[in-house]
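These notes are about the structure you will find just below.
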Amino acid sequence: MNWLAQIVALTAFNLRTLGQRLGSCASAIVGIAGVVGVFIGVLSIAEGFRRAMTVSGKADTALVLRSGSDTEMSSILDGDEARVVTDVEGIARANGKALASTELFVIINLPKRSTGTDANVPLRGVGPSSFDVRGDMEIVEGRAFEWGKNEVLAGRGAASEFKGLEVGASIPVGREKWTVVGIFTANGGIAESEIWTDAGVLQSAYRRGNTVQAVYARLDDADGFQDFKDRLTTDPRLNVKVVRQTEYYEEQSTAITRLITTVGALVAGLMGVGAVFGALNTMYSAVSSRTREIATLRALGFGSGPIVTSVLLEALVLAIVGGLLGAGLAYAAFDGFRTATMNWQSFSQVTFAFDVTPALLGRGIFYAVAIGLIGGLFPAIRAARLPIAAALRES
Amino acid sequence: MKFARLVWANLKRKKVRTLLTLASIFVAFVLYGYLAAIRTALSAGVDVAGADRLVVRHKVSIIQLLPASYEADIEKVEGVADATYSTWFGGIYQEPRNFFPQMVVNPEEYLAMYPEFVLPKEQKDEWLRTRTGAVVGRTTANRFGWKAGDKIPIQATFWSHGGGNKIWEFDLVGIYDGAKDGVDTTQFLFRFDYFDEARDNVRGWVGWYIVKVEDPAHADAVARAIDETFANSPAETKAETEGAFVRAFAEQIGNIGAIMQAILSAVFFTILLVAGNTMAQSVRERTGELAVLKAVGFTDGQVLSLVLAEALGIAALGGFAGLALSYFLISLGDPTGGNLPLFFFPTRDVIVGAAIVVFLGFATGFFPALQAGRLRIADALRRLA
């Protein structure tokens with residue numbers, strides 16, 4: 001009998017006996033499913049946060065801030081500077097107007113629906129071309145705000161997480177009450193966490209004169225970014241820094257993503273150790289309960305290689321079943337779950353949905369396979385090394 | 001004690017199983033340590049907030065500044081013992097990922113407001129003499145290897161001085177420690193008088209006020225009185241107890257923290273359940289031997305304590321080693337490199353952990369031990385045959 005046929009025969013034999021060891025197999029499978037589920041679940045939080053932060057970033061959109069500022073919050077540009085920026089060559093135009101929006105970014109306190117405690121909600125003042133610069137905004141309820149009036153549009157995420165953002169409600173801004181006239185979506189991106197209003201109205205409410213905090217500009221094409229940046233940074237009238245929108249949001253998401261991934265990796269690592277113990281336990285008892293059968297097979301002429309392989313394969317089957325189960329559970333429990341958290345860089349709330357991506361599912365299954373292999377290896381070696389005569393005699 | 005060898009022999013009979021059980025319990029309690037530390041870190045010090053302190057911020061949001069003149073007005077409010085101010089500087093040391101909080105404060109007032117910040121007398125005197133002086137908490141000092149006498153350049157993201165210069169250089173004159181666990185020792189503090197004179201704009205405005213009340217029982221009434229003082233002024237305020245302020249701040253992290261904690265707890269208890277079940281199983285398997293022991297003259301009580309000693313032994317060995325290792329690892333610092341300013345294993349949770357270890361030993365040993373103690377010799381021996 002050749003090697004491969006031996007492995008197939010042995011593995012089929014092993015798998016048929018699984019039913020008799022249901023208890024111990026089930027505990028190994030559940031253990032691995034738990035690890036994979038937790039692993040995928042925790043990382044889907046980080047993945048969802050990153051997605052919300054980066055999905056609306058476009059490579060052909062540039063963000064202009066005061067030099068030295070790390071966020072819009074700490075940036076300030078006066079009206080003349082903003083005009084120089086919006087007039088510069090390289091910005092795309094639509095209907096004769098430059099696709100550049102001068103914006104303000106402040107935060108206001110609104111109570112969270114879940115706890116009733118105050119949270120920092122971003123309030124953005126935008127210019128007329130802002131909707132065209134973003135390109136993915138859609139009003140799903142109510143209407144757009146009118147320019148020059150104390151009206152706001154709320155992002156869908158913000159409206160679902162914070163109280164007082166229903167259409168028709170009003171929010172306190174400065175000493176006045178502003179009316180919410182509509183709800184918008186932005187393809188699940190960060191803008192959905194924000195409240196939007198006319199920059200001009202916000203300037204007077206906050207006594208900002210004609211200063212703004214950032215300029216968002218859509219470029220003719222993404223490759224023109226370096227030229228655009230050089231034109232602005234070498235202009236003696238300006239003291240600004242220019243970043244791609246994609247890079248800006250990527251940078252903003254690093255702190256939270258790193259925090260969640262570190263904690264997730266730590267937990268999954270510790271649990272993985274536990275699951276390896278579980279798999280070891282199961283496979284050791286599987287091997288020891290079959291001591292005589294294995295010895296009989298060896299006496300019949302089965303090689304130790306096929307025996308090692310068959311035990312490993314059995315462990316792998318358990319691990320993959322556990323992995324699939326865990327991945328399925330994580331997908332059912334976590335995918336699309338909406339929540340909000342603090343983005344420390346902009347000091348304001350970001351609403352997002354957990355995102356169980358195919359890549360994450362793949363990593364989870366891969367992890368399960370690794371646990372199965374480690375858990376199966378030592379018992380497999382023991383099975384192959386059993387002294388035949390002694391093992392046959394064992395009761 | 002003379003039966004110690006018997007217990008030891010029982011533990012050795014299935015070495016692999018004993019070792020795996022030990023290791024699982026060990027891992028579970030390492031996890032427990034991190035769970036406690038993360039929970040404390042995410043609640044951002046709610047437990048240590050001063051009951052007699054209020055935080056007064058701008059009504060619309062904390063990023064809006066308040067006039068420095070409010071200090072005198074607040075101190076006139078009945079029930080206020082003392083007030084001081086603080087401002088968020090938000091600068092960058094070398095690169096953005098080296099984040100730590102920088103506050104602009106009045107040294108004497110701030111240290112009086114926070115007696116849990118312990119600064120040696122001579123360093124404090126030095127700070128009062130040095131206008132460009134700064135002090136920093138032990139955690140941040142260790143993180144960057146700073147010592148008194150160093151010059152620390154910080155790049156402002158907003159505040160400039162000398163007509164557009166955003167690099168501020170401070171003379172580090174002291175390092176403060178926390179008087180107890182849970183005190184934030186990541187802050188970098190420097191002087192408001194220097195800052196206010198040097199900055200290019202918005203002179204005379206501060207970030208928020210911290211107020212000490214005479215009687216914590218009347219804190220809410222004092223907070224209302226402060227808000228009424230500034231009602232209908234251009235900068236209205238919101239005053240609340242430090243506990244409420246910190247809690248609202250911690251809530252902003254949202255249910256992500258809660259979800260992570262739920263997952264960790266579920267993992268912890270699952271591991272304990274599995275390990276406990278294995279331990280109980282190993283006693284049940286030996287029913288026959290226990291009957292033999294009783295047949296040769298062991299009393300019920302002795303059999304019971306033998307079994308209990310074994311279970312307690314495994315739980316204690318694995319559990320205490322796990323607690324010790326997590327205590328050690330956590331004391332090395334926050335695994336994310338600065339995102340969790342308060343990262344420590346609270347004493348209360350260490351005690352609860354130890355109690356869980358003992359409970360685990362009792363729970364897994366007690367019922368099999370009770371059964372073993374009640375065993376009727378003849379029945380058990382017959383089962384053997």
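Quick note on naming: the chains in the structure tokens go A, B, ... in the order shown, residues restart at 1 in each chain, and ligands are numbered from 1 in order of appearance.
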key: Residues flagged alpha helix (DSSP H) by DSSP in region 166-344 of chain B, as a ChimeraX atom specification   = /B:192-198,219-229,242-251,255-284,287-295,300-331
So which residues touch region 370-381 of chain B within 6 Å, counting only C-alpha atoms, skipping near sequence neighbours fewer than 6 positions away, as a short mmCIF file (atom, residue, chain, number, x, y, z; two decimals) with C-alpha atoms, in the first residue's frame?
data_model
loop_
_atom_site.label_atom_id
_atom_site.label_comp_id
_atom_site.auth_asym_id
_atom_site.auth_seq_id
_atom_site.Cartn_x
_atom_site.Cartn_y
_atom_site.Cartn_z
CA GLY B 288 -12.77 3.68 43.37
CA ALA B 291 -13.22 4.04 48.43
CA ASP B 300 -14.74 11.04 55.65
CA VAL B 303 -10.90 12.14 52.19
CA LEU B 304 -12.78 15.41 51.75
#
Review point. Chain A residues within 7 Å of chain B, counting only C-alpha atoms: which ones, as a PyMOL selection string?
Key: chain A and resi 68-70+74-75+107-109+117-119+173-174+259+262+270+274+277+340-342
Contacts of Pro128 (chain A) within 9 Å, only C-alpha atoms, excl. fewer than 2 positions in-chain, as JSON, numbers by chain:
{"A": [100, 101, 102, 126, 130, 131, 132, 147, 198, 199]}
| task | Report as a VMD selection string: the residues of region 79-247 of chain B with a DSSP assignment of strand (DSSP E or B), based on the backbone of this structure. | result | chain B and resid 80 to 88 92 102 to 105 117 to 118 133 to 137 151 to 155 161 165 167 to 178 188 to 191 199 205 to 206 208 to 213 237 to 241
query = What's the 7 Å shell around region 176-187 of chain A, counting only C-alpha atoms, without same-chain residues fewer than 6 positions away, as a ChimeraX atom specification?
reply = /A:136-145,150-156,165-170
